Amino acid sequence: MIIDESTINSGAIALLGIAVTAGVTFVFTQRTNHRQDARDLAAGHRELVQEVASLKERLAALDAEVMPISTAFTQVLVAKLTHMHTPELDALLAKIGPPFTLSTDEEASMYVLLHKRQIEVDDLIDSEERDAAAILGAAHGALIRMSRAEQEHIAVAGAVKLTVATPAKAKDNP
């Protein structure tokens, strides 16, 4: 059986058409898949940015509302010890903070005044105030050191800013 030249040409043209169609289909399918992947990635990135922004807002709200226990307890003691008749000690207690602005010399002076408050006999000073002076001045101010460290930690944490980049626009817009 002899195959006609026109049959061979027709077969070759058909095979060439099939190959070209497959190649074009492959290229357009890849391009469509790439665009869809880029859209999915951008959508995922937007969701992530929104979630991070939401977490930042919630963290800021917590930072505004939550006060470390040592600082809170110190403030309760300071409120108990603050009186109009002791302006020097009151001024030093006000510097405990937040923010903590008490210098080392002022801190030493405050401990002396707290000790005097513990042993002073005065109608204006009750046993609760003496106890507060003892607690605040105990072990040379361990509570004050903890409070200072907590306030410094909060200040550092507040200074840290988290930024999230927004996705760049895709080069091939669908």
# chains A, B, ... in the order shown; residues from 1 in each chain; ligands from 1

call {"tool": "residues_around", "arguments": {"residues": "Ala91 (chain A)", "least_positions_apart": "5", "cutoff": "10 Å", "atoms": "only C-alpha atoms", "output": "compact mmCIF listing (two decimals) with C-alpha atoms, in the first residue's frame"}}
result
# COMPACT_ATOMS: atom_id res chain seq x y z
CA THR A 82 0.72 59.85 101.07
CA THR A 86 4.68 64.78 105.17
CA ILE A 96 7.75 56.04 92.14
CA LEU A 102 13.19 58.39 91.61
CA GLU A 106 16.19 60.12 96.54
CA MET A 110 12.87 57.74 100.99

call {"tool": "atom_distance", "arguments": {"atom1": "CA of Ala133 (chain A)", "atom2": "CA of Leu114 (chain A)"}}
result
5.3 Å
